[in-house]
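J.: So that we are looking at the same thing, I have put the structure below in C-alpha cells.
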Amino acid sequence: MTSLLCLPVVVCNLGVEMLYVLEQRLRAQSVSDAKAVKVLHDVTRAMFAPEFVNELFTPQPTYSQAATRQIFDKLAHTSIMRLSESSMDKLYDLMTMGFKFQLATCEKPEDILNVTLLHLATLKSYLTEESVLDAVDAVDAELRATYGAFAKHEWLAMRRELFRFLGNKRVKVSLLLHEKLQLEDGRMRLPVSAPDTRDRSVLGPVGTTRRHDIAGSEQKRTFFSAVSFDDANAGANKKFKGAPKPEIKPGGNMYSHDRQAPDPPAPIQTLEASDGTDGTSSRAAAARDAYGNVRRGNAELLGAADRMAAAAGREARSGIAEMNALAGLIRAPIKTRGGASAGPSEEDTFKLNLFGDLAGGAASGGGGGGGG
C-alpha cells in the first residue's frame, strides 16, 4: 500500500523544485522584488493550503506524469505570474529532472524523507509571511507524522514507486551537464561512494546490495563491481569513477548563487526513536540485534503504509476522481475590492518567459555556477 502514500512526496519535492526555478528566473529577469516575493508566497500558499494538503495526504494512487503536470500548471498560475505553454513545459522538465537527480543520489531509501524535509527548510529561507511559514511548518509536521513510522521495506517500495513515476525521463539540464552530474544522453551520474568494505556501520560502495528482514535487521551483504557508463564504447572492465560530490545536499537549491544551504531540518523522530509514554526513550530500551537494529514486534510488522491506507478506506477510489478532487482545491489568492472578491487584476499580472532565449537543446538550469 506504500504506493497510495507516494503523492505527498511527489508534490512537495516537485513543488519546491518549481519554486527554486521560479525564484532564480524572476531574479535573472530583473522582476521587481515586490512581484517576485508575491509570486513565491502566493504559489506556496496555494500549494500548502490546509484543504489541499488534507486531500493530498489521503491515501490515493500516484498520478500519471500528464496529470501531475496539470496540477502544477494550475498551481503556477495561482499568482500574478503567467507562463506560456513552452515555459511551463521546460519548467516541469527542470522540476522532474532535479528531483530525479536527488532521488538517484540518495544513499539509502530512507533518505527520501530527509530530501523532502530539506526542500521545505530551504523554501522557508525565501519566505517572510508568517501565515505562509506556518503552512510550510504544518506540512513538515504532517510528513514526519506520516512517514516517520515507515520501515525499511516501505521506503524501498516508496523509492521504487517514485522511479516508476519518473519513468525513463532523460531531459538534459545544462546545470547538471556543466557540473558533470549528468551524461550527454540524459542519464544521471552516481556520486563517488565509500570504499569497498564489509563493515556494516557504513553503506558500502556503489554495487553493494544489503538484504534486510521484515523487521529491518540487516542480514546479508553482497557486492558486484560497478562499471563506468561515462563512455558508451568502454569495455566492461572499466572501473566506476563516479560523479563529483554535489555542492548542495539533495533537497537544497542547486540554482542559488551562493550555494549556501539553510540550517538542516530537525532529526526525524521515527517510530523507533520516539519517546515512550512514561517519558523514557523507547530507542534506548528496545531490544537490538548484533548490528544495532531495533527488533520490531509482530504488531509493527504490518507496516505503517498498510495501516494508514486501511484506516482511510480509500483504496477503491479511482485515480481520476482523486486528481479532480485535488485540482478542485487549488485556489488563487482572493482580495477584496469594494466588497467584492476578485483574483489578480489585469494590471497586476505579468508574463514571464522563463527560457525564451533557448531555441532547443538542454533545458536551462542557469544560476549557481552553470547552465544556460
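Every chain in the C-alpha cells takes a letter, A first, then B, and so on in the order presented; its residues are numbered from 1, and the ligands are numbered from 1 following the presented order.
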Can you check which residues of segment 121-160 of chain A DSSP gives as helix (DSSP H, G or I) on the backbone and send them as a VMD selection string?
T.: chain A and resid 121 to 124 130 to 147 152 to 160
J.: Select from segment 76-219 of chain A everything DSSP, run on the backbone, classes as strand (DSSP E), then give the selection as JSON, numbers by chain.
T.: {"A": [81, 82, 83, 208, 209, 210, 211, 212, 218, 219]}
J.: What's the separation between atom CA of Leu156 of chain A and atom CA of Lys124 of chain A, in Å to one decimal place?
T.: 28.5 Å
J.: Counting only C-alpha atoms, what is within 7 Å of Thr2 of chain A, bar same-chain residues fewer than 3 positions away, as a list in words?
T.: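 Within the cut-off, the hits are Leu5, Cys6, Glu154, Ala157, Met158 and Ala305 of chain A.
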J.: What are the nearest atom pairs, with distances in Å to one decimal, for all residues of segment 125-209 of chain A that come at most 8 Å from segment 112-118 of chain A, using only C-alpha atoms, set out by chain and rising residue number as CSV?
T.:
residue,atom,partner,partner_atom,distance
A:Asp140,CA,A:Leu117,CA,6.6
A:Leu143,CA,A:Leu113,CA,7.9
A:Tyr147,CA,A:Leu113,CA,7.5
A:Trp155,CA,A:Ile112,CA,7.9
A:Arg159,CA,A:Ile112,CA,7.6
J.: Between atom CA of Met1 of chain A and atom CA of Arg164 of chain A, what is the distance in Å, rounded to a tenth?
T.: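 Atom-to-atom, atom CA of Met1 of chain A to atom CA of Arg164 of chain A, that is 15.0 Å.
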J.: Please indicate the distance in Å from atom CA of Arg69 of chain A to atom CA of Phe165 of chain A, rounded to one decimal place.
T.: 12.1 Å
J.: So which residues touch Phe57 of chain A within 10 Å, counting only C-alpha atoms, skipping near sequence neighbours fewer than 5 positions away, as a PyMOL selection string?
T.: chain A and resi 4-9+52+139+142-143+146
J.: Could you turn the residues from that selection into a file that holds N, CA and C atoms, as an mmCIF file, in the first residue's frame?
T.:
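Contents of part.cif, as written:
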data_model
loop_
_atom_site.group_PDB
_atom_site.id
_atom_site.type_symbol
_atom_site.label_atom_id
_atom_site.label_comp_id
_atom_site.auth_asym_id
_atom_site.auth_seq_id
_atom_site.Cartn_x
_atom_site.Cartn_y
_atom_site.Cartn_z
ATOM 1 N N LEU A 4 0.086 4.174 -2.328
ATOM 2 C CA LEU A 4 -1.030 5.077 -2.049
ATOM 3 C C LEU A 4 -0.616 6.280 -1.210
ATOM 4 N N LEU A 5 0.627 6.274 -0.718
ATOM 5 C CA LEU A 5 1.128 7.385 0.089
ATOM 6 C C LEU A 5 2.311 8.074 -0.574
ATOM 7 N N CYS A 6 2.441 7.886 -1.880
ATOM 8 C CA CYS A 6 3.580 8.446 -2.614
ATOM 9 C C CYS A 6 3.335 9.890 -3.047
ATOM 10 N N LEU A 7 2.082 10.249 -3.262
ATOM 11 C CA LEU A 7 1.767 11.553 -3.857
ATOM 12 C C LEU A 7 2.256 12.748 -3.043
ATOM 13 N N PRO A 8 2.131 12.764 -1.701
ATOM 14 C CA PRO A 8 2.656 13.922 -0.962
ATOM 15 C C PRO A 8 4.154 14.143 -1.179
ATOM 16 N N VAL A 9 4.914 13.066 -1.286
ATOM 17 C CA VAL A 9 6.353 13.188 -1.533
ATOM 18 C C VAL A 9 6.594 13.783 -2.922
ATOM 19 N N PHE A 52 -6.096 21.643 0.633
ATOM 20 C CA PHE A 52 -5.317 20.968 -0.406
ATOM 21 C C PHE A 52 -4.423 19.903 0.221
ATOM 22 N N VAL A 139 3.023 21.311 7.003
ATOM 23 C CA VAL A 139 3.319 20.213 6.076
ATOM 24 C C VAL A 139 4.525 19.415 6.578
ATOM 25 N N GLU A 142 3.260 17.135 9.165
ATOM 26 C CA GLU A 142 2.453 16.059 8.577
ATOM 27 C C GLU A 142 3.342 15.004 7.918
ATOM 28 N N LEU A 143 4.416 15.439 7.261
ATOM 29 C CA LEU A 143 5.360 14.491 6.663
ATOM 30 C C LEU A 143 5.993 13.609 7.733
ATOM 31 N N THR A 146 3.416 11.146 9.076
ATOM 32 C CA THR A 146 3.003 10.129 8.113
ATOM 33 C C THR A 146 4.108 9.119 7.825
#
